[in-house]
Each structure stands twice: as structure tokens, then as C-alpha cells.
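Peer 1: Just one file: structure08.txt, with compact mmCIF, N, CA and C atoms.
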# COMPACT_ATOMS: atom_id res chain seq x y z
N MET A 8 119.68 100.75 121.46
CA MET A 8 118.84 100.76 120.29
C MET A 8 118.23 102.13 120.12
N GLU A 9 118.07 102.48 118.91
CA GLU A 9 117.58 103.81 118.57
C GLU A 9 116.17 103.72 118.00
N PRO A 10 115.20 104.41 118.63
CA PRO A 10 113.84 104.36 118.09
C PRO A 10 113.67 105.34 116.95
N PHE A 11 112.85 104.99 116.00
CA PHE A 11 112.36 105.94 115.01
C PHE A 11 110.91 105.61 114.80
N TYR A 12 110.16 106.58 114.32
CA TYR A 12 108.72 106.45 114.34
C TYR A 12 108.11 106.53 112.96
N GLY A 13 107.03 105.80 112.80
CA GLY A 13 106.20 105.86 111.63
C GLY A 13 104.83 106.33 112.08
N LYS A 14 103.83 106.03 111.32
CA LYS A 14 102.48 106.49 111.62
C LYS A 14 102.12 106.31 113.09
N SER A 15 101.99 105.09 113.54
CA SER A 15 101.67 104.87 114.94
C SER A 15 102.55 103.78 115.54
N GLU A 16 103.62 103.47 114.88
CA GLU A 16 104.51 102.40 115.33
C GLU A 16 105.87 102.98 115.67
N GLU A 17 106.42 102.54 116.78
CA GLU A 17 107.80 102.85 117.12
C GLU A 17 108.63 101.66 116.68
N VAL A 18 109.68 101.92 115.94
CA VAL A 18 110.52 100.87 115.41
C VAL A 18 111.91 101.05 115.99
N ARG A 19 112.52 99.96 116.38
CA ARG A 19 113.86 100.01 116.98
C ARG A 19 114.90 99.42 116.04
N LEU A 20 116.00 100.14 115.95
CA LEU A 20 117.15 99.74 115.14
C LEU A 20 118.34 99.56 116.07
N ASP A 21 118.94 98.39 116.03
CA ASP A 21 120.14 98.11 116.83
C ASP A 21 121.35 98.40 115.94
N ARG A 22 121.92 99.57 116.11
CA ARG A 22 123.05 99.99 115.28
C ARG A 22 124.25 99.06 115.41
N ARG A 23 124.40 98.43 116.57
CA ARG A 23 125.54 97.52 116.76
C ARG A 23 125.45 96.33 115.81
N ARG A 24 124.24 95.79 115.65
CA ARG A 24 124.07 94.65 114.74
C ARG A 24 124.39 95.06 113.30
N LEU A 25 123.93 96.25 112.94
CA LEU A 25 124.20 96.76 111.60
C LEU A 25 125.70 96.98 111.41
N ALA A 26 126.36 97.49 112.44
CA ALA A 26 127.81 97.71 112.37
C ALA A 26 128.56 96.39 112.19
N ILE A 27 128.10 95.34 112.88
CA ILE A 27 128.74 94.03 112.75
C ILE A 27 128.60 93.53 111.31
N LEU A 28 127.43 93.69 110.74
CA LEU A 28 127.20 93.27 109.36
C LEU A 28 128.13 94.01 108.40
N CYS A 29 128.34 95.28 108.66
CA CYS A 29 129.09 96.13 107.74
C CYS A 29 130.58 96.21 108.05
N CYS A 30 130.99 95.60 109.14
CA CYS A 30 132.39 95.66 109.57
C CYS A 30 133.31 95.12 108.47
N GLY A 31 134.32 95.90 108.16
CA GLY A 31 135.29 95.47 107.16
C GLY A 31 134.88 95.71 105.72
N LEU A 32 133.69 96.26 105.52
CA LEU A 32 133.22 96.54 104.17
C LEU A 32 133.42 98.01 103.83
N THR A 33 133.62 98.30 102.57
CA THR A 33 133.62 99.70 102.15
C THR A 33 132.19 100.21 102.25
N ALA A 34 132.02 101.51 102.19
CA ALA A 34 130.68 102.10 102.26
C ALA A 34 129.80 101.54 101.13
N GLN A 35 130.35 101.42 99.95
CA GLN A 35 129.59 100.89 98.82
C GLN A 35 129.21 99.43 99.05
N GLU A 36 130.14 98.63 99.53
CA GLU A 36 129.84 97.22 99.81
C GLU A 36 128.78 97.09 100.91
N ALA A 37 128.88 97.94 101.92
CA ALA A 37 127.91 97.91 103.02
C ALA A 37 126.51 98.26 102.51
N ARG A 38 126.40 99.31 101.72
CA ARG A 38 125.11 99.68 101.14
C ARG A 38 124.55 98.54 100.31
N HIS A 39 125.42 97.90 99.53
CA HIS A 39 124.97 96.80 98.68
C HIS A 39 124.49 95.61 99.53
N ALA A 40 125.22 95.29 100.58
CA ALA A 40 124.83 94.19 101.47
C ALA A 40 123.48 94.48 102.13
N VAL A 41 123.30 95.71 102.60
CA VAL A 41 122.05 96.09 103.24
C VAL A 41 120.91 96.08 102.22
N PHE A 42 121.18 96.58 101.03
CA PHE A 42 120.16 96.59 99.98
C PHE A 42 119.71 95.16 99.66
N ARG A 43 120.67 94.24 99.50
CA ARG A 43 120.33 92.85 99.19
C ARG A 43 119.49 92.23 100.30
N ALA A 44 119.90 92.48 101.54
CA ALA A 44 119.16 91.91 102.68
C ALA A 44 117.75 92.49 102.75
N MET A 45 117.61 93.78 102.53
CA MET A 45 116.29 94.40 102.59
C MET A 45 115.42 93.95 101.42
N ASP A 46 116.03 93.74 100.28
CA ASP A 46 115.29 93.23 99.12
C ASP A 46 114.78 91.81 99.43
N GLU A 47 115.60 91.02 100.08
CA GLU A 47 115.19 89.66 100.46
C GLU A 47 114.05 89.70 101.48
N ILE A 48 114.13 90.61 102.43
CA ILE A 48 113.04 90.75 103.41
C ILE A 48 111.75 91.14 102.71
N GLU A 49 111.83 92.10 101.81
CA GLU A 49 110.63 92.54 101.09
C GLU A 49 110.02 91.38 100.29
N SER A 50 110.88 90.62 99.63
CA SER A 50 110.40 89.47 98.86
C SER A 50 109.73 88.45 99.78
N ARG A 51 110.34 88.18 100.91
CA ARG A 51 109.78 87.21 101.85
C ARG A 51 108.47 87.71 102.47
N MET A 52 108.36 89.02 102.67
CA MET A 52 107.09 89.55 103.18
C MET A 52 105.98 89.28 102.18
N ASN A 53 106.25 89.53 100.91
CA ASN A 53 105.25 89.28 99.87
C ASN A 53 104.88 87.80 99.78
N VAL A 54 105.88 86.94 99.85
CA VAL A 54 105.63 85.50 99.79
C VAL A 54 104.81 85.06 101.00
N THR A 55 105.18 85.55 102.17
CA THR A 55 104.46 85.17 103.39
C THR A 55 103.00 85.59 103.30
N ARG A 56 102.76 86.78 102.83
CA ARG A 56 101.38 87.27 102.69
C ARG A 56 100.59 86.38 101.73
N GLU A 57 101.19 86.03 100.60
CA GLU A 57 100.52 85.17 99.62
C GLU A 57 100.25 83.77 100.19
N ILE A 58 101.23 83.22 100.88
CA ILE A 58 101.08 81.88 101.45
C ILE A 58 100.00 81.87 102.53
N LEU A 59 99.98 82.90 103.36
CA LEU A 59 98.94 82.98 104.39
C LEU A 59 97.55 83.07 103.76
N ALA A 60 97.45 83.79 102.64
CA ALA A 60 96.15 83.91 101.97
C ALA A 60 95.65 82.55 101.47
N ARG A 61 96.57 81.61 101.24
CA ARG A 61 96.20 80.26 100.82
C ARG A 61 96.11 79.30 102.00
N ASP A 62 96.22 79.83 103.22
CA ASP A 62 96.16 79.03 104.45
C ASP A 62 97.24 77.95 104.51
N GLU A 63 98.40 78.24 103.95
CA GLU A 63 99.55 77.32 104.02
C GLU A 63 100.41 77.75 105.21
N PHE A 64 99.93 77.43 106.39
CA PHE A 64 100.51 77.97 107.62
C PHE A 64 101.92 77.47 107.89
N GLY A 65 102.21 76.22 107.62
CA GLY A 65 103.55 75.70 107.86
C GLY A 65 104.58 76.40 107.00
N ALA A 66 104.26 76.58 105.74
CA ALA A 66 105.18 77.27 104.82
C ALA A 66 105.34 78.73 105.23
N ALA A 67 104.25 79.37 105.64
CA ALA A 67 104.32 80.77 106.06
C ALA A 67 105.21 80.92 107.29
N ALA A 68 105.08 79.99 108.24
CA ALA A 68 105.91 80.05 109.45
C ALA A 68 107.39 79.93 109.09
N LYS A 69 107.70 79.04 108.16
CA LYS A 69 109.09 78.84 107.74
C LYS A 69 109.67 80.11 107.10
N VAL A 70 108.91 80.72 106.20
CA VAL A 70 109.38 81.93 105.52
C VAL A 70 109.52 83.07 106.54
N ALA A 71 108.59 83.18 107.46
CA ALA A 71 108.65 84.23 108.49
C ALA A 71 109.88 84.04 109.38
N ARG A 72 110.20 82.80 109.72
CA ARG A 72 111.41 82.56 110.53
C ARG A 72 112.66 82.99 109.76
N GLY A 73 112.65 82.85 108.46
CA GLY A 73 113.77 83.33 107.65
C GLY A 73 113.91 84.85 107.73
N MET A 74 112.76 85.54 107.78
CA MET A 74 112.80 87.00 107.93
C MET A 74 113.39 87.39 109.27
N VAL A 75 113.12 86.60 110.30
CA VAL A 75 113.67 86.88 111.63
C VAL A 75 115.20 86.87 111.54
N ALA A 76 115.76 85.85 110.92
CA ALA A 76 117.21 85.73 110.83
C ALA A 76 117.83 86.90 110.08
N ILE A 77 117.24 87.26 108.96
CA ILE A 77 117.79 88.36 108.16
C ILE A 77 117.67 89.69 108.90
N SER A 78 116.51 89.93 109.48
CA SER A 78 116.30 91.22 110.17
C SER A 78 117.16 91.32 111.42
N ASP A 79 117.45 90.20 112.08
CA ASP A 79 118.38 90.23 113.21
C ASP A 79 119.75 90.70 112.77
N GLU A 80 120.23 90.22 111.63
CA GLU A 80 121.53 90.63 111.12
C GLU A 80 121.57 92.12 110.83
N LEU A 81 120.45 92.67 110.37
CA LEU A 81 120.39 94.09 110.04
C LEU A 81 120.17 94.97 111.27
N GLY A 82 119.84 94.35 112.39
CA GLY A 82 119.56 95.13 113.60
C GLY A 82 118.15 95.68 113.63
N LEU A 83 117.25 95.12 112.84
CA LEU A 83 115.86 95.56 112.82
C LEU A 83 115.09 94.84 113.92
N ALA A 84 115.29 95.30 115.15
CA ALA A 84 114.78 94.60 116.32
C ALA A 84 113.26 94.49 116.33
N SER A 85 112.58 95.57 116.05
CA SER A 85 111.11 95.54 116.06
C SER A 85 110.57 94.64 114.96
N PHE A 86 111.15 94.74 113.79
CA PHE A 86 110.72 93.91 112.66
C PHE A 86 110.93 92.44 113.00
N SER A 87 112.08 92.12 113.56
CA SER A 87 112.39 90.74 113.91
C SER A 87 111.39 90.17 114.91
N ARG A 88 111.05 90.98 115.90
CA ARG A 88 110.09 90.54 116.93
C ARG A 88 108.72 90.25 116.31
N VAL A 89 108.25 91.14 115.44
CA VAL A 89 106.93 90.94 114.83
C VAL A 89 106.97 89.80 113.81
N ALA A 90 108.07 89.63 113.09
CA ALA A 90 108.20 88.49 112.17
C ALA A 90 108.12 87.17 112.96
N ALA A 91 108.73 87.15 114.14
CA ALA A 91 108.63 85.96 114.99
C ALA A 91 107.19 85.74 115.44
N ASP A 92 106.46 86.82 115.71
CA ASP A 92 105.05 86.71 116.06
C ASP A 92 104.24 86.11 114.90
N VAL A 93 104.54 86.55 113.69
CA VAL A 93 103.86 86.00 112.50
C VAL A 93 104.14 84.50 112.41
N ALA A 94 105.40 84.13 112.61
CA ALA A 94 105.77 82.71 112.53
C ALA A 94 105.01 81.89 113.58
N ARG A 95 104.90 82.41 114.80
CA ARG A 95 104.19 81.69 115.85
C ARG A 95 102.70 81.56 115.53
N CYS A 96 102.08 82.64 115.07
CA CYS A 96 100.65 82.59 114.72
C CYS A 96 100.40 81.61 113.58
N ALA A 97 101.28 81.64 112.59
CA ALA A 97 101.13 80.73 111.45
C ALA A 97 101.34 79.28 111.90
N ALA A 98 102.34 79.05 112.74
CA ALA A 98 102.62 77.69 113.20
C ALA A 98 101.43 77.12 113.98
N ARG A 99 100.69 77.99 114.66
CA ARG A 99 99.49 77.54 115.39
C ARG A 99 98.30 77.37 114.46
N GLY A 100 98.42 77.86 113.23
CA GLY A 100 97.30 77.78 112.29
C GLY A 100 96.20 78.78 112.60
N ASP A 101 96.55 79.85 113.29
CA ASP A 101 95.58 80.87 113.69
C ASP A 101 95.46 81.90 112.57
N ARG A 102 94.51 81.70 111.68
CA ARG A 102 94.35 82.52 110.49
C ARG A 102 94.17 84.00 110.82
N ILE A 103 93.31 84.32 111.77
CA ILE A 103 93.02 85.72 112.09
C ILE A 103 94.22 86.41 112.71
N ALA A 104 94.84 85.75 113.68
CA ALA A 104 96.02 86.35 114.33
C ALA A 104 97.16 86.49 113.33
N ALA A 105 97.35 85.49 112.47
CA ALA A 105 98.43 85.56 111.49
C ALA A 105 98.20 86.71 110.51
N ALA A 106 96.97 86.88 110.06
CA ALA A 106 96.66 87.97 109.12
C ALA A 106 96.87 89.33 109.78
N ALA A 107 96.40 89.48 110.99
CA ALA A 107 96.55 90.77 111.69
C ALA A 107 98.02 91.07 111.96
N THR A 108 98.75 90.06 112.39
CA THR A 108 100.17 90.24 112.69
C THR A 108 100.96 90.50 111.41
N MET A 109 100.56 89.87 110.32
CA MET A 109 101.21 90.11 109.04
C MET A 109 101.03 91.56 108.61
N GLU A 110 99.83 92.10 108.79
CA GLU A 110 99.60 93.51 108.44
C GLU A 110 100.48 94.43 109.29
N ARG A 111 100.63 94.08 110.55
CA ARG A 111 101.51 94.88 111.42
C ARG A 111 102.95 94.77 110.93
N LEU A 112 103.37 93.57 110.53
CA LEU A 112 104.72 93.38 110.01
C LEU A 112 104.95 94.24 108.78
N ILE A 113 103.96 94.33 107.93
CA ILE A 113 104.09 95.15 106.72
C ILE A 113 104.28 96.63 107.10
N ARG A 114 103.49 97.11 108.06
CA ARG A 114 103.65 98.50 108.52
C ARG A 114 105.05 98.73 109.09
N ILE A 115 105.47 97.82 109.95
CA ILE A 115 106.79 97.95 110.57
C ILE A 115 107.88 97.81 109.52
N GLY A 116 107.67 96.93 108.55
CA GLY A 116 108.64 96.77 107.47
C GLY A 116 108.81 98.04 106.67
N ASP A 117 107.72 98.69 106.35
CA ASP A 117 107.80 99.96 105.61
C ASP A 117 108.59 101.00 106.38
N ILE A 118 108.30 101.11 107.67
CA ILE A 118 108.99 102.09 108.51
C ILE A 118 110.46 101.71 108.66
N SER A 119 110.73 100.43 108.86
CA SER A 119 112.10 99.96 109.05
C SER A 119 112.95 100.18 107.81
N MET A 120 112.37 99.89 106.65
CA MET A 120 113.13 100.05 105.41
C MET A 120 113.45 101.51 105.14
N ALA A 121 112.52 102.39 105.48
CA ALA A 121 112.81 103.81 105.32
C ALA A 121 113.83 104.26 106.37
N GLY A 122 113.68 103.78 107.58
CA GLY A 122 114.54 104.21 108.68
C GLY A 122 115.96 103.73 108.58
N ILE A 123 116.19 102.57 108.03
CA ILE A 123 117.56 102.05 107.98
C ILE A 123 118.44 102.91 107.09
N TRP A 124 117.84 103.54 106.08
CA TRP A 124 118.63 104.40 105.20
C TRP A 124 118.97 105.72 105.86
N ASP A 125 118.35 106.01 107.02
CA ASP A 125 118.71 107.21 107.78
C ASP A 125 120.03 107.04 108.49
N VAL A 126 120.53 105.82 108.60
CA VAL A 126 121.84 105.59 109.18
C VAL A 126 122.85 106.08 108.16
N ARG A 127 123.59 107.10 108.54
CA ARG A 127 124.44 107.80 107.58
C ARG A 127 125.64 107.00 107.09
N ASP A 128 126.31 106.30 107.99
CA ASP A 128 127.55 105.63 107.61
C ASP A 128 127.41 104.14 107.83
N LEU A 129 127.18 103.38 106.78
CA LEU A 129 127.01 101.94 106.90
C LEU A 129 128.33 101.19 106.96
N SER A 130 129.43 101.88 106.91
CA SER A 130 130.73 101.20 106.97
C SER A 130 131.36 101.34 108.35
N ILE A 131 130.54 101.54 109.37
CA ILE A 131 130.98 101.76 110.76
C ILE A 131 132.06 100.77 111.14
Here is the file; what I need is its structure written in the form of C-alpha cells.
Peer 2:
Amino acid sequence: MEPFYGKSEEVRLDRRRLAILCCGLTAQEARHAVFRAMDEIESRMNVTREILARDEFGAAAKVARGMVAISDELGLASFSRVAADVARCAARGDRIAAAATMERLIRIGDISMAGIWDVRDLSI
């Protein structure tokens, strides 16, 4: 795994997972697949934040678990780990921990989304 850094967070990208996702695709198809997946992650982050604000912990945990699956496919190891933390905090109904972990997920998400585009060849 390759680390890249944001403000105060180290984010890990598993290039092998990304390569598996892009295997057999043209460079354009790979970029499109990654873009769609990242767009879905961004949408789910927004939904999770809104749901947590309404204290709908079960729904938030479900959406966060979906982010884990998508980010695993992209090789976003750090993001996946923190999304799983959000899901666990929400499943416990721990409002404070879920909010704090969600904010961390947003920071890591920003760094991850910028960092994934640093991978030069998505058609590995």
C-alpha cells in the first residue's frame, strides 16, 4: 500500500485493488468506473452525514457499510477502515463518536479522492 498525505492524515491506497477493478478496461473505461465509484462514495458520505444529524443510526450504519464495500473495491484502505468505524459507532447509537468519526471520514475522503487521481495509469 502506498501512503499519501493530507493536512494531518495519512491515507493508504492499495494499488492492487484498484488494478483489479480496472483490469481489462481501457484507460477511459477505468477512469469512468473510478469516477462513478467515487461519485457514489461522495453521495453516500453526504447522505450519512444528513442521516446522522437526524439520529437515524440504523440507516446511517447501513449507508456507511455500503461505503466500505465501494472503497474496498477502489483500494481506499484508510477510507474503508474509517467508514467501518462510522458504521460501528452508528450501530451502537453513539451520537458523539459517530459525529466525530464522520468528520474524520470526510477529511480522509477529501484526501483519498484527490489522491486516487494521482495514480497515473488506471488501466493497469
Peer 1: What's around Arg72 in chain A at 6.5 Å? Count all atoms listed in the file, leave out sequence neighbours fewer than 4 positions away in its own chain, and write the answer as a list of chain:residue names.
Peer 2: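 Contacts, in chain order: A:Ala67, A:Ala68, A:Ala76, A:Ile77, A:Ala90, A:Ala91, A:Ala94.
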Peer 1: Work out how far apart CA of Glu57 in chain A and CA of Val93 in chain A are and give it in Å to one decimal.
Peer 2: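 Result for CA of Glu57 in chain A versus CA of Val93 in chain A: 13.3 Å, one decimal.
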Peer 1: Skip Phe64 in chain A itself and residues of its chain fewer than 2 positions away, then list as a PyMOL selection string all residues within 6 Å of it, counting only C-alpha atoms.
Peer 2: chain A and resi 62+66-67+97-98+100
Peer 1: Need to verify the contact set: Val70 in chain A, 6.5 Å, all atoms listed in the file, exclusion of same-chain residues closer than 4 positions in sequence. Can you return it as a list in words?
Peer 2: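 Answer for this query is Arg51, Thr55, Gly65, Ala66, Met74 and Val75 of chain A.
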Peer 1: What's the separation between atom C of Glu110 in chain A and CA of Leu81 in chain A, in Å to one decimal place?
Peer 2: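 So the answer is 19.9 Å.
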Peer 1: How many Å lie between atom C of Ile103 in chain A and atom N of Ala44 in chain A, rounded to one decimal?
Peer 2: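 Between atom C of Ile103 in chain A and atom N of Ala44 in chain A the gap works out to 28.7 Å.
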Peer 1: Pull the strand (DSSP E or B) assignments for range 14-129 of chain A out of DSSP run on the backbone, and list those residues as a VMD selection string.
Peer 2: chain A and resid 17 to 20 83
Peer 1: Can you pull out the residues contacting His39 in chain A? Cut-off 10 Å, using only C-alpha atoms, and skip same-chain residues under 6 positions away; I want them as a PDB file with N, CA and C atoms, keeping the file's coordinate frame.
Peer 2:
ATOM      1  N   CYS A  29     128.340  95.280 108.660  1.00  0.00           N
ATOM      2  CA  CYS A  29     129.090  96.130 107.740  1.00  0.00           C
ATOM      3  C   CYS A  29     130.580  96.210 108.050  1.00  0.00           C
ATOM      4  N   LEU A  32     133.690  96.260 105.520  1.00  0.00           N
ATOM      5  CA  LEU A  32     133.220  96.540 104.170  1.00  0.00           C
ATOM      6  C   LEU A  32     133.420  98.010 103.830  1.00  0.00           C
ATOM      7  N   THR A  33     133.620  98.300 102.570  1.00  0.00           N
ATOM      8  CA  THR A  33     133.620  99.700 102.150  1.00  0.00           C
ATOM      9  C   THR A  33     132.190 100.210 102.250  1.00  0.00           C
ATOM     10  N   MET A  45     117.610  93.780 102.530  1.00  0.00           N
ATOM     11  CA  MET A  45     116.290  94.400 102.590  1.00  0.00           C
ATOM     12  C   MET A  45     115.420  93.950 101.420  1.00  0.00           C
ATOM     13  N   LEU A 129     127.180 103.380 106.780  1.00  0.00           N
ATOM     14  CA  LEU A 129     127.010 101.940 106.900  1.00  0.00           C
ATOM     15  C   LEU A 129     128.330 101.190 106.960  1.00  0.00           C
TER      16      LEU A 129
END
Peer 1: With distances taken over only C-alpha atoms, which residue among A:Leu59, A:Cys30, A:Met52, A:Cys96 lies nearest Leu112 in chain A?
Peer 2: A:Met52
Peer 1: Go through A:Arg38, A:Arg61, A:Arg19, A:Arg24 one by one, measure the shortest atom-to-atom distance of each to Gly82 in chain A using only C-alpha atoms, and give the residue with the smallest value.
Peer 2: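 For Gly82 in chain A, the nearest of the given residues is A:Arg24.
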Peer 1: Pick out the closest residue to Asp79 in chain A from this set: A:Arg102, A:Leu25, A:Arg114, A:Ala60. Count only N, CA and C atoms.
Peer 2: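 Going through A:Arg102, A:Leu25, A:Arg114, A:Ala60 one by one, the smallest distance to Asp79 in chain A is for A:Leu25.
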